[in-house]
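Q: Let me begin by handing over the structure; questions about it come next.
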Amino acid sequence: MVYSFPEEVLEYVFAFLSSDKDRNAVSLVCKSWYEIERWCRRRVFIGNCYAVSPQIMIRRFPEVRAVKIKGKPHFADFNLVPERWGAYVYPWISAMARSYPWLEEIKLKRMVVTDESLELISKSFKNFKVLSLSSCEGFTTDGLSSIAANCRNLRELDLRESEVEDLSGHWLSHFPDNFTSLVSLNMSCLGSEVSFSALERLISRCPNLKTLRLNRAVPVEKLASLLRRAPQLVEFGTGACSTEIRTDIFSNLVEAFSGCKHLESLSGFWDVVPAYLPAMYCVCSRITKLNLSYATVQSPDLVELISQCSNLKCLWVLDYIEDAGLKALSSYCKDLQELRVFPSDPYSAEPNVSLTEQGLVTVSAGCPKLQSVLYFCRQMSNAALIAIARNRPNLLRFRLCIIEPQAPDYLTLEPLDTGFGAIVEHCKELRRLSLSGLLTDRVFEYIGTHAKKLEMLSLAFAGDSDLGLHHVLSGCESLRKLEIRDCPFGDRALLANAAKLETMRSLWMSSCSVSYGACKLLGQKMPNLNVEVIDERGPPDSRPESISVEKLYVYRTVAGPRADKPDFVWTMDEDGALRFS
Amino acid sequence: MKLQLKLALPSNLDEGFDLNYRNEDQEEEEDCRLMKKKRSFDETFEEIKNVEIPRTLSLLDHIDLCDEEDGVVGWPPINSWRKKICHHHHNRHGCNATMNYVTVENGGRGGSGRGRSNYMYVKVKMEGVGIARKEKVQGYKLTYQDKEGDWLLAGDMPWGTFIKSVQRLKLLRNGH
């Protein structure tokens, strides 16, 4: 007996599937399910803009409403990817402008976005609602003017951590007077002052505004006026809070904050004068996310604030918090899930604060829900790492940066292999790991053996030989992204595990020991990979094949070699020849 | 003539790890080595306080000034937004912006930079520290060893005379 549902029923059922994984699985059941699913997929996530082309995406999914695209490799955040490398969004916008007239959402990360792209977006999609540009660059405030002026139904404009050429603050004034749909505005990365009255009026007429992250140029004395117009805010980011403290400013601020009964997230606090922090005490009990990582405030003041935040789930802070502050955190904030501690003075040779491995150990012991850690410090021991691992087997993300490269266990002077080994052994659900300190091939043996759910691994100045890389590539079954710098990994491990690279999104290796010859061979043997050599010394052909390449970026793709490469990127071709663009 | 540039640290130092095999840059003029005889400098310069370092420090033109903000590109791994607050914080706390300007670029490649730093930086390797880093010249005094083996303070001497006699350079932290 053959059962068959009418298409409409299947479509109705598929509409409940939001995860890409589920939808991909559904597509593989049979041809008719593939067809039905592809017509009703509304959201597409592209983890690597060069893994697929806009044309391929549009051909398969003709009715998309929301697109999220990522461009440059993660190490671009640390200046390891040269300028003009790529990740231009314009070809995507132009293709979607033709084929997706009903597109509502575009979210981009680490892509180059031009004013031209922004203008095209603003004019092509009548129902455009969400624009999120995270760590993007290439546009000016003129592009923002187009968005403000033309996107009548805009709900979200989020520019987090993008590099915007700030020509003036005038762009904000381009939102029409009858524009009322704004729900989220994050302009924290902009430098220029926007017209304050335009900002006030905008906020006043948008009753659904839930997120407002101001830029540094909005001084603390103006915050009260904004908060009073938007008491419904859930997420708020201040500007600079450096104006000398005055009673009237302070009391206005207290009053304004006390009117905000729904605030859950606070950020901003550039140059904050500590005396302003108490103005926020009235909202602290509801706060779940606190980003103090731009607040150059000392530990006692931080502790005063944090001790009031009993519901805190996520804290980003500078190392001014010190071990003492972390101890307080561990006793007041039992719901803490995520902790990020950034360095206040990363380039000096000596510590400027009393923050050590002990702070992290204490938090791992006191916060049972802690699952996500990013921690910069100057000393670490195997004992501490083992303690953390035993305390918190529920860790999902663990990124440790010991500031001095190859720093050993400061107590025993041994490598930190056993410490990180304990992390991967105890934390069985670990998805993301960044290593630092002195590490031999042994740590990679532990990782390959235990880190079966690991999806992303970041390495620097670690390992002794190819064996290290081999352990990772052969053992980590769930690995999707591997980024490596300054490790003595070379040809053998890479070539022996070539097939593994097709199961991953990407591999980045810079300042390692991979020869040009090996890159050519890899490109030859693996037609589904783009094997890209990045070398600013000129064509790799002009040097012996045994010479190591500067940087290597390997990723799986169905789009073939890039057509937009700059002059310092070469694709290793199937023919074994060099391919220039 | 090979110039040897060293940096004196105020405290006792660990036996560092020999990372030279990884960080050796054979093309650079200055040859960074571990400092051996600190005490003789302390003795010689104990009484000297508030020594003024010549403004132009033309000697440093011969040394490869870092284009990067730190000694190693991209380390520690913090993004440009966080780097800005580190510098901003430094500017607020203590250092006067009266020294010569040096172009500093975020991109890690040579050439013209976007921003200007308020300090003159020199790329050095400090004893006990594995990675070369950039240090502000301000706060150090420049000393040199002449042909006779004596250590002297670099001062107002004609350039020609100076380079005929200088053998080694050392930057001493003020107060030591």
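Here's how to read the names in the structure tokens: chain A, B, ... by the order shown, residue numbers from 1 in each chain, ligand numbers from 1 in the order shown.
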Write down, as a ChimeraX atom specification, each residue of chain B that has any atom within 6 Å of an atom of chain A, counting only C-alpha atoms.

A: /B:74,76-77,79,107

Q: Can you write out the residues you just picked, keeping N, CA and C atoms, as a PDB file, in the first residue's frame?

A:
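Resulting contents of selection_11.pdb:
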```pdb
ATOM      1  N   GLY B  74      49.016  39.662  15.515  1.00  0.00           N
ATOM      2  CA  GLY B  74      47.845  38.913  15.945  1.00  0.00           C
ATOM      3  C   GLY B  74      47.979  38.190  17.267  1.00  0.00           C
ATOM      4  N   PRO B  76      48.585  38.914  21.591  1.00  0.00           N
ATOM      5  CA  PRO B  76      47.525  37.953  21.904  1.00  0.00           C
ATOM      6  C   PRO B  76      46.290  38.187  21.028  1.00  0.00           C
ATOM      7  N   PRO B  77      45.481  37.168  20.887  1.00  0.00           N
ATOM      8  CA  PRO B  77      44.360  37.237  19.948  1.00  0.00           C
ATOM      9  C   PRO B  77      43.204  38.095  20.467  1.00  0.00           C
ATOM     10  N   ASN B  79      40.728  41.483  19.185  1.00  0.00           N
ATOM     11  CA  ASN B  79      40.391  42.178  17.942  1.00  0.00           C
ATOM     12  C   ASN B  79      40.649  43.675  18.069  1.00  0.00           C
ATOM     13  N   GLY B 107      47.135  46.700   9.923  1.00  0.00           N
ATOM     14  CA  GLY B 107      47.020  45.647   8.921  1.00  0.00           C
ATOM     15  C   GLY B 107      48.152  44.641   8.908  1.00  0.00           C
TER      16      GLY B 107
END
```

Q: If we count only C-alpha atoms, what is near stretch 445-455 of chain A at a cut-off of 10 Å, once residues fewer than 6 positions away on the same chain are taken out, given as number ranges by chain?

A: A: 396-397, 417-418, 420-433, 467-482, 504-505

Q: Mind dumping the selected residues with N, CA, C and O atoms as a short mmCIF file (atom, residue, chain, number, x, y, z; two decimals), in the first residue's frame?

A:
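Written output follows (part-v5.cif):
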```
data_model
loop_
_atom_site.label_atom_id
_atom_site.label_comp_id
_atom_site.auth_asym_id
_atom_site.auth_seq_id
_atom_site.Cartn_x
_atom_site.Cartn_y
_atom_site.Cartn_z
N LEU A 396 31.06 23.61 27.37
CA LEU A 396 30.87 23.46 25.93
C LEU A 396 31.93 24.21 25.14
O LEU A 396 32.31 23.81 24.04
N ARG A 397 32.35 25.37 25.69
CA ARG A 397 33.34 26.19 25.00
C ARG A 397 34.41 26.59 26.01
O ARG A 397 34.09 27.15 27.05
N ASP A 417 50.12 19.83 28.73
CA ASP A 417 49.42 18.74 28.05
C ASP A 417 48.40 18.05 28.95
O ASP A 417 47.24 17.84 28.55
N THR A 418 48.82 17.70 30.15
CA THR A 418 47.89 16.93 31.00
C THR A 418 46.70 17.78 31.42
O THR A 418 45.58 17.27 31.54
N PHE A 420 45.16 20.30 29.70
CA PHE A 420 44.18 20.34 28.61
C PHE A 420 43.65 18.94 28.31
O PHE A 420 42.50 18.78 27.88
N GLY A 421 44.47 17.95 28.54
CA GLY A 421 44.00 16.57 28.37
C GLY A 421 42.83 16.29 29.30
O GLY A 421 41.84 15.66 28.91
N ALA A 422 42.94 16.80 30.52
CA ALA A 422 41.84 16.61 31.48
C ALA A 422 40.58 17.31 30.99
O ALA A 422 39.46 16.80 31.14
N ILE A 423 40.76 18.49 30.42
CA ILE A 423 39.60 19.23 29.91
C ILE A 423 38.84 18.40 28.89
O ILE A 423 37.62 18.22 28.96
N VAL A 424 39.57 17.85 27.90
CA VAL A 424 38.85 17.11 26.85
C VAL A 424 38.34 15.77 27.35
O VAL A 424 37.35 15.24 26.83
N GLU A 425 39.00 15.25 28.36
CA GLU A 425 38.55 13.95 28.86
C GLU A 425 37.27 14.08 29.69
O GLU A 425 36.36 13.27 29.58
N HIS A 426 37.21 15.11 30.52
CA HIS A 426 36.05 15.27 31.40
C HIS A 426 34.88 15.95 30.71
O HIS A 426 33.72 15.64 30.98
N CYS A 427 35.20 16.91 29.84
CA CYS A 427 34.13 17.71 29.23
C CYS A 427 33.73 17.07 27.91
O CYS A 427 34.16 17.49 26.82
N LYS A 428 32.91 16.07 28.00
CA LYS A 428 32.64 15.23 26.85
C LYS A 428 31.80 15.91 25.77
O LYS A 428 31.76 15.46 24.64
N GLU A 429 31.12 17.00 26.14
CA GLU A 429 30.30 17.70 25.16
C GLU A 429 31.02 18.91 24.56
O GLU A 429 30.40 19.69 23.83
N LEU A 430 32.31 19.04 24.84
CA LEU A 430 33.05 20.23 24.42
C LEU A 430 32.97 20.44 22.92
O LEU A 430 33.29 19.54 22.14
N ARG A 431 32.53 21.66 22.50
CA ARG A 431 32.38 21.94 21.08
C ARG A 431 33.47 22.86 20.55
O ARG A 431 33.78 22.86 19.37
N ARG A 432 33.97 23.71 21.45
CA ARG A 432 34.98 24.67 20.98
C ARG A 432 36.12 24.75 21.96
O ARG A 432 35.89 24.80 23.17
N LEU A 433 37.35 24.75 21.44
CA LEU A 433 38.53 24.75 22.30
C LEU A 433 39.62 25.59 21.68
O LEU A 433 39.92 25.48 20.48
N LEU A 467 52.83 14.69 13.86
CA LEU A 467 52.03 13.75 14.63
C LEU A 467 50.91 14.47 15.37
O LEU A 467 49.78 13.99 15.46
N GLY A 468 51.22 15.66 15.85
CA GLY A 468 50.22 16.46 16.54
C GLY A 468 49.01 16.71 15.66
O GLY A 468 47.87 16.44 16.03
N LEU A 469 49.27 17.21 14.47
CA LEU A 469 48.17 17.51 13.54
C LEU A 469 47.46 16.22 13.14
O LEU A 469 46.23 16.19 13.01
N HIS A 470 48.23 15.17 12.99
CA HIS A 470 47.61 13.90 12.59
C HIS A 470 46.62 13.41 13.64
O HIS A 470 45.52 12.95 13.30
N HIS A 471 46.97 13.53 14.91
CA HIS A 471 46.06 13.11 15.98
C HIS A 471 44.73 13.85 15.87
O HIS A 471 43.66 13.26 16.02
N VAL A 472 44.82 15.14 15.63
CA VAL A 472 43.60 15.95 15.57
C VAL A 472 42.74 15.56 14.37
O VAL A 472 41.54 15.30 14.49
N LEU A 473 43.37 15.51 13.21
CA LEU A 473 42.59 15.26 11.99
C LEU A 473 42.03 13.84 11.95
O LEU A 473 40.96 13.61 11.41
N SER A 474 42.74 12.91 12.55
CA SER A 474 42.26 11.53 12.49
C SER A 474 41.32 11.20 13.64
O SER A 474 40.51 10.29 13.51
N GLY A 475 41.40 11.95 14.73
CA GLY A 475 40.62 11.58 15.91
C GLY A 475 39.35 12.38 16.15
O GLY A 475 38.37 11.86 16.68
N CYS A 476 39.36 13.65 15.75
CA CYS A 476 38.22 14.51 16.10
C CYS A 476 37.11 14.37 15.07
O CYS A 476 37.10 15.04 14.04
N GLU A 477 36.16 13.52 15.40
CA GLU A 477 35.14 13.14 14.42
C GLU A 477 34.21 14.27 14.03
O GLU A 477 33.68 14.29 12.93
N SER A 478 34.00 15.22 14.95
CA SER A 478 33.02 16.28 14.67
C SER A 478 33.66 17.57 14.18
O SER A 478 32.98 18.57 14.03
N LEU A 479 34.95 17.53 13.94
CA LEU A 479 35.68 18.76 13.64
C LEU A 479 35.17 19.43 12.38
O LEU A 479 35.04 18.80 11.33
N ARG A 480 34.88 20.73 12.49
CA ARG A 480 34.43 21.48 11.32
C ARG A 480 35.42 22.59 10.95
O ARG A 480 35.63 22.89 9.78
N LYS A 481 35.96 23.23 12.00
CA LYS A 481 36.87 24.34 11.71
C LYS A 481 38.15 24.15 12.52
O LYS A 481 38.12 23.97 13.73
N LEU A 482 39.26 24.23 11.81
CA LEU A 482 40.57 24.10 12.45
C LEU A 482 41.40 25.28 12.02
O LEU A 482 41.57 25.53 10.82
N MET A 504 35.02 18.89 6.63
CA MET A 504 35.11 20.10 7.45
C MET A 504 34.72 21.32 6.64
O MET A 504 34.76 21.30 5.41
N ARG A 505 34.40 22.40 7.34
CA ARG A 505 34.16 23.65 6.64
C ARG A 505 35.48 24.23 6.12
O ARG A 505 35.58 24.61 4.96
#
```

Q: Could you give me, as an mmCIF file with C-alpha atoms, in the first residue's frame, each residue of stretch 201-404 of chain A that DSSP assigns to alpha helix (DSSP H) when run on this structure's backbone?

A:
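And here's states-v7.cif as it stands now:
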```cif
data_model
loop_
_atom_site.group_PDB
_atom_site.id
_atom_site.type_symbol
_atom_site.label_atom_id
_atom_site.label_comp_id
_atom_site.auth_asym_id
_atom_site.auth_seq_id
_atom_site.Cartn_x
_atom_site.Cartn_y
_atom_site.Cartn_z
ATOM 1 C CA ARG A 201 12.479 61.570 18.223
ATOM 2 C CA LEU A 202 13.277 58.227 16.626
ATOM 3 C CA ILE A 203 13.144 56.463 19.958
ATOM 4 C CA SER A 204 9.953 58.217 20.973
ATOM 5 C CA ARG A 205 8.051 57.111 17.886
ATOM 6 C CA LEU A 223 21.085 58.843 28.767
ATOM 7 C CA ALA A 224 18.238 59.623 31.135
ATOM 8 C CA SER A 225 16.306 61.419 28.439
ATOM 9 C CA LEU A 226 16.575 58.425 26.116
ATOM 10 C CA LEU A 227 15.675 55.861 28.741
ATOM 11 C CA ARG A 228 12.596 57.824 29.718
ATOM 12 C CA ARG A 229 11.372 57.611 26.146
ATOM 13 C CA THR A 247 24.333 64.976 41.581
ATOM 14 C CA ASP A 248 21.730 66.002 39.045
ATOM 15 C CA ILE A 249 23.093 63.719 36.320
ATOM 16 C CA PHE A 250 23.279 60.876 38.771
ATOM 17 C CA SER A 251 19.785 61.283 40.166
ATOM 18 C CA ASN A 252 18.274 61.663 36.697
ATOM 19 C CA LEU A 253 19.975 58.446 35.711
ATOM 20 C CA VAL A 254 18.697 56.587 38.761
ATOM 21 C CA GLU A 255 15.166 57.742 38.069
ATOM 22 C CA ALA A 256 15.371 56.800 34.407
ATOM 23 C CA PHE A 257 16.752 53.343 35.106
ATOM 24 C CA SER A 258 14.135 52.675 37.735
ATOM 25 C CA SER A 299 37.711 45.282 41.164
ATOM 26 C CA PRO A 300 35.878 46.685 44.217
ATOM 27 C CA ASP A 301 33.546 48.771 42.053
ATOM 28 C CA LEU A 302 32.961 45.836 39.740
ATOM 29 C CA VAL A 303 32.162 43.584 42.663
ATOM 30 C CA GLU A 304 29.663 46.095 44.051
ATOM 31 C CA LEU A 305 27.751 45.974 40.796
ATOM 32 C CA ILE A 306 28.027 42.263 40.160
ATOM 33 C CA GLU A 322 41.027 40.117 39.508
ATOM 34 C CA ASP A 323 40.846 36.851 41.410
ATOM 35 C CA ALA A 324 39.051 38.561 44.279
ATOM 36 C CA GLY A 325 36.278 39.775 42.012
ATOM 37 C CA LEU A 326 35.883 36.367 40.421
ATOM 38 C CA LYS A 327 35.542 34.866 43.853
ATOM 39 C CA ALA A 328 32.695 37.275 44.543
ATOM 40 C CA LEU A 329 31.166 36.419 41.173
ATOM 41 C CA SER A 330 31.215 32.744 42.015
ATOM 42 C CA SER A 331 29.366 33.341 45.240
ATOM 43 C CA TYR A 332 26.737 35.822 44.025
ATOM 44 C CA GLU A 357 44.453 30.853 37.151
ATOM 45 C CA GLN A 358 42.892 30.834 40.602
ATOM 46 C CA GLY A 359 40.074 33.134 39.558
ATOM 47 C CA LEU A 360 38.935 30.729 36.888
ATOM 48 C CA VAL A 361 39.225 27.730 39.191
ATOM 49 C CA THR A 362 37.029 29.482 41.747
ATOM 50 C CA VAL A 363 34.351 30.319 39.201
ATOM 51 C CA SER A 364 34.411 26.772 37.852
ATOM 52 C CA ALA A 365 33.819 25.489 41.360
ATOM 53 C CA GLY A 366 31.138 27.972 42.346
ATOM 54 C CA ASN A 382 48.086 21.646 35.013
ATOM 55 C CA ALA A 383 46.634 21.373 38.498
ATOM 56 C CA ALA A 384 44.316 24.298 37.833
ATOM 57 C CA LEU A 385 43.165 22.912 34.501
ATOM 58 C CA ILE A 386 42.515 19.519 36.014
ATOM 59 C CA ALA A 387 40.489 21.140 38.784
ATOM 60 C CA ILE A 388 38.459 23.124 36.252
ATOM 61 C CA ALA A 389 37.819 20.002 34.205
ATOM 62 C CA ARG A 390 36.657 18.052 37.223
ATOM 63 C CA ASN A 391 34.507 20.906 38.496
#
```

Q: Quick one: of A:Asp166, A:Glu244, A:Asp22, A:Glu264, who's nearest to A:Gln232, counting only C-alpha atoms?

A: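 Checking each candidate against A:Gln232, we get A:Glu264 as the closest.
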
Q: Would you work out the distance separating atom CA of A:Val64 from atom CA of A:Leu507, expressed in Å to one decimal?

A: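 Answer for the atom CA of A:Val64 to atom CA of A:Leu507 separation: 29.1 Å.
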
Q: Name the closest residue to A:Leu133 among the candidates A:Pro101, A:Gly71, A:Gly47, A:Gly191; distances are taken between atoms, counting only C-alpha atoms.

A: A:Gly71

Q: Write out as a PyMOL selection string each polymer residue whose atoms come within 10 Å of stretch 87-90 of chain A, counting only C-alpha atoms; drop sequence neighbours fewer than 5 positions from it.

A: chain A and resi 48-50+69-73+95-96+108-118+120-121+136-138+564-565

Q: Using only N, CA, C and O atoms, please write the residues we just selected to a file, as an mmCIF file, in the first residue's frame.

A:
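New file out36.cif:
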```
data_model
loop_
_atom_site.group_PDB
_atom_site.id
_atom_site.type_symbol
_atom_site.label_atom_id
_atom_site.label_comp_id
_atom_site.auth_asym_id
_atom_site.auth_seq_id
_atom_site.Cartn_x
_atom_site.Cartn_y
_atom_site.Cartn_z
ATOM 1 N N ASN A 48 30.462 29.714 4.733
ATOM 2 C CA ASN A 48 31.650 30.174 4.015
ATOM 3 C C ASN A 48 31.180 30.658 2.657
ATOM 4 O O ASN A 48 30.693 29.884 1.831
ATOM 5 N N CYS A 49 31.294 31.953 2.437
ATOM 6 C CA CYS A 49 30.725 32.533 1.209
ATOM 7 C C CYS A 49 31.343 31.969 -0.056
ATOM 8 O O CYS A 49 30.768 32.098 -1.144
ATOM 9 N N TYR A 50 32.514 31.338 0.053
ATOM 10 C CA TYR A 50 33.138 30.772 -1.138
ATOM 11 C C TYR A 50 32.857 29.287 -1.300
ATOM 12 O O TYR A 50 33.350 28.658 -2.233
ATOM 13 N N ILE A 69 25.326 34.971 5.962
ATOM 14 C CA ILE A 69 26.542 34.593 5.235
ATOM 15 C C ILE A 69 27.782 35.004 6.020
ATOM 16 O O ILE A 69 27.845 36.129 6.530
ATOM 17 N N LYS A 70 28.750 34.094 6.079
ATOM 18 C CA LYS A 70 30.022 34.426 6.728
ATOM 19 C C LYS A 70 31.134 34.450 5.692
ATOM 20 O O LYS A 70 31.161 33.630 4.767
ATOM 21 N N GLY A 71 32.082 35.355 5.867
ATOM 22 C CA GLY A 71 33.124 35.556 4.859
ATOM 23 C C GLY A 71 34.505 35.130 5.303
ATOM 24 O O GLY A 71 34.894 33.978 5.194
ATOM 25 N N LYS A 72 35.258 36.095 5.838
ATOM 26 C CA LYS A 72 36.674 35.831 6.116
ATOM 27 C C LYS A 72 36.846 34.798 7.226
ATOM 28 O O LYS A 72 36.011 34.671 8.111
ATOM 29 N N PRO A 73 37.981 34.105 7.195
ATOM 30 C CA PRO A 73 38.278 33.178 8.291
ATOM 31 C C PRO A 73 38.392 33.926 9.626
ATOM 32 O O PRO A 73 38.731 35.105 9.643
ATOM 33 N N ALA A 95 22.656 39.333 -6.989
ATOM 34 C CA ALA A 95 21.903 38.158 -7.422
ATOM 35 C C ALA A 95 20.573 38.059 -6.676
ATOM 36 O O ALA A 95 19.529 37.751 -7.264
ATOM 37 N N MET A 96 20.603 38.341 -5.386
ATOM 38 C CA MET A 96 19.366 38.236 -4.608
ATOM 39 C C MET A 96 18.391 39.353 -4.955
ATOM 40 O O MET A 96 17.169 39.168 -4.892
ATOM 41 N N LEU A 108 25.337 39.317 7.968
ATOM 42 C CA LEU A 108 26.662 39.063 7.420
ATOM 43 C C LEU A 108 27.706 39.127 8.524
ATOM 44 O O LEU A 108 27.589 39.929 9.446
ATOM 45 N N LYS A 109 28.727 38.294 8.374
ATOM 46 C CA LYS A 109 29.829 38.346 9.348
ATOM 47 C C LYS A 109 31.159 38.286 8.610
ATOM 48 O O LYS A 109 31.361 37.422 7.746
ATOM 49 N N ARG A 110 32.029 39.208 8.952
ATOM 50 C CA ARG A 110 33.367 39.294 8.343
ATOM 51 C C ARG A 110 33.293 39.354 6.816
ATOM 52 O O ARG A 110 34.018 38.638 6.111
ATOM 53 N N MET A 111 32.433 40.239 6.340
ATOM 54 C CA MET A 111 32.371 40.430 4.895
ATOM 55 C C MET A 111 32.660 41.882 4.550
ATOM 56 O O MET A 111 32.550 42.766 5.403
ATOM 57 N N VAL A 112 33.032 42.101 3.294
ATOM 58 C CA VAL A 112 33.275 43.454 2.815
ATOM 59 C C VAL A 112 31.979 43.943 2.176
ATOM 60 O O VAL A 112 31.480 43.348 1.213
ATOM 61 N N VAL A 113 31.452 44.989 2.754
ATOM 62 C CA VAL A 113 30.151 45.534 2.337
ATOM 63 C C VAL A 113 30.381 46.959 1.865
ATOM 64 O O VAL A 113 30.968 47.754 2.591
ATOM 65 N N THR A 114 29.937 47.285 0.664
ATOM 66 C CA THR A 114 30.150 48.655 0.168
ATOM 67 C C THR A 114 28.870 49.459 0.290
ATOM 68 O O THR A 114 27.776 48.897 0.468
ATOM 69 N N ASP A 115 28.990 50.761 0.154
ATOM 70 C CA ASP A 115 27.811 51.629 0.153
ATOM 71 C C ASP A 115 26.884 51.238 -0.997
ATOM 72 O O ASP A 115 25.661 51.314 -0.877
ATOM 73 N N GLU A 116 27.503 50.805 -2.071
ATOM 74 C CA GLU A 116 26.725 50.370 -3.233
ATOM 75 C C GLU A 116 25.830 49.185 -2.863
ATOM 76 O O GLU A 116 24.658 49.133 -3.240
ATOM 77 N N SER A 117 26.395 48.246 -2.133
ATOM 78 C CA SER A 117 25.619 47.089 -1.674
ATOM 79 C C SER A 117 24.470 47.538 -0.788
ATOM 80 O O SER A 117 23.340 47.051 -0.930
ATOM 81 N N LEU A 118 24.755 48.463 0.111
ATOM 82 C CA LEU A 118 23.723 48.909 1.043
ATOM 83 C C LEU A 118 22.611 49.639 0.296
ATOM 84 O O LEU A 118 21.427 49.461 0.583
ATOM 85 N N LEU A 120 21.776 49.135 -2.794
ATOM 86 C CA LEU A 120 21.036 48.124 -3.539
ATOM 87 C C LEU A 120 20.058 47.378 -2.632
ATOM 88 O O LEU A 120 18.911 47.121 -3.007
ATOM 89 N N ILE A 121 20.504 47.047 -1.428
ATOM 90 C CA ILE A 121 19.621 46.396 -0.460
ATOM 91 C C ILE A 121 18.411 47.284 -0.191
ATOM 92 O O ILE A 121 17.255 46.843 -0.234
ATOM 93 N N CYS A 136 32.028 43.563 9.924
ATOM 94 C CA CYS A 136 32.150 43.845 8.495
ATOM 95 C C CYS A 136 32.914 45.148 8.280
ATOM 96 O O CYS A 136 33.253 45.841 9.237
ATOM 97 N N GLU A 137 33.200 45.457 7.017
ATOM 98 C CA GLU A 137 33.947 46.676 6.720
ATOM 99 C C GLU A 137 33.665 47.061 5.278
ATOM 100 O O GLU A 137 33.057 46.298 4.526
ATOM 101 N N GLY A 138 34.109 48.254 4.914
ATOM 102 C CA GLY A 138 34.027 48.653 3.509
ATOM 103 C C GLY A 138 32.936 49.655 3.215
ATOM 104 O O GLY A 138 32.819 50.127 2.091
ATOM 105 N N ASP A 564 37.629 35.895 -7.751
ATOM 106 C CA ASP A 564 37.878 37.277 -7.309
ATOM 107 C C ASP A 564 39.121 37.368 -6.426
ATOM 108 O O ASP A 564 39.190 38.204 -5.537
ATOM 109 N N LYS A 565 40.089 36.498 -6.694
ATOM 110 C CA LYS A 565 41.254 36.470 -5.821
ATOM 111 C C LYS A 565 42.132 37.704 -5.994
ATOM 112 O O LYS A 565 42.317 38.175 -7.117
#
```

Q: Mind checking which residues fall within 7 Å of B:Leu152, counting only C-alpha atoms, ignoring those fewer than 3 positions away in the same chain, and posting them as an MDAnalysis selection string?

A: chainID B and resid 143:145

Q: Using only N, CA and C atoms, please write the residues we just selected to a file, as a short mmCIF file (atom, residue, chain, number, x, y, z; two decimals), in the first residue's frame.

A:
```cif
data_model
loop_
_atom_site.label_atom_id
_atom_site.label_comp_id
_atom_site.auth_asym_id
_atom_site.auth_seq_id
_atom_site.Cartn_x
_atom_site.Cartn_y
_atom_site.Cartn_z
N THR B 143 71.99 53.59 26.23
CA THR B 143 73.42 53.54 26.55
C THR B 143 74.15 52.77 25.46
N TYR B 144 75.43 52.99 25.36
CA TYR B 144 76.17 52.27 24.33
C TYR B 144 77.57 51.90 24.85
N GLN B 145 78.10 50.87 24.24
CA GLN B 145 79.46 50.44 24.60
C GLN B 145 80.40 50.92 23.50
#
```

Q: I'd like the interatomic distance between atom CA of A:Leu438 and atom CA of A:Val341, to a tenth of an Å.

A: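 One can read the atom CA of A:Leu438 to atom CA of A:Val341 distance as 20.9 Å.
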
Q: If you measure from atom CA of A:Glu338 to atom CA of A:Ser307, what distance in Å do you get, rounded to one decimal?

A: 16.3 Å

Q: If we count only C-alpha atoms and set the cut-off at 12 Å, which residues sit around A:Glu545, ignoring sequence neighbours fewer than 2 positions away in its own chain? Please answer as a list of chain:residue names.

A: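 The residues that qualify are A:Asp491, A:Val514, A:Ser515, A:Tyr516, A:Gly517, A:Ala518, A:Cys519, A:Lys520, A:Leu521, A:Pro539, A:Pro540, A:Asp541, A:Ser542, A:Arg543, A:Ile547, A:Ser548, A:Val549.
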
Q: Any chance you could list, as an MDAnalysis selection string, the residues in stretch 315-530 of chain A that come up strand (DSSP E or B) when DSSP is run on the backbone?

A: chainID A and resid 315:318 338:342 372:377 397:402 432:434 456:460 481:485 490 506:510 513 515 529:530

Q: Rank B:Trp75, B:Asp150, B:Pro158, B:Leu172 by their smallest atom-to-atom distance to A:Ser436, using only C-alpha atoms, and report the top residue only.

A: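 That would be B:Trp75, the residue with the smallest distance to A:Ser436.
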
Q: Which residues, written as a PyMOL selection string, have at least one atom at most 7 Å from B:Asn174, with only C-alpha atoms counted and residues fewer than 3 positions away on the same chain left out?

A: chain B and resi 139-141

Q: Next, dump the selected residues to file, keeping only C-alpha atoms, as a CSV table (one decimal), in the first residue's frame.

A:
```csv
chain,number,residue,atom,x,y,z
B,139,GLY,CA,61.0,55.3,30.1
B,140,TYR,CA,64.3,54.0,29.0
B,141,LYS,CA,67.7,55.5,28.7
```

Q: Which residues come within 9 Å of stretch 160-165 of chain B, counting only C-alpha atoms, excluding same-chain residues fewer than 5 positions away, as a PyMOL selection string?

A: chain B and resi 59+145-148+154

Q: Between A:Glu63, A:Glu8, A:Glu37, A:Glu156, which residue has the minimum interatomic distance to A:Asn208, considering only C-alpha atoms?

A: A:Glu156
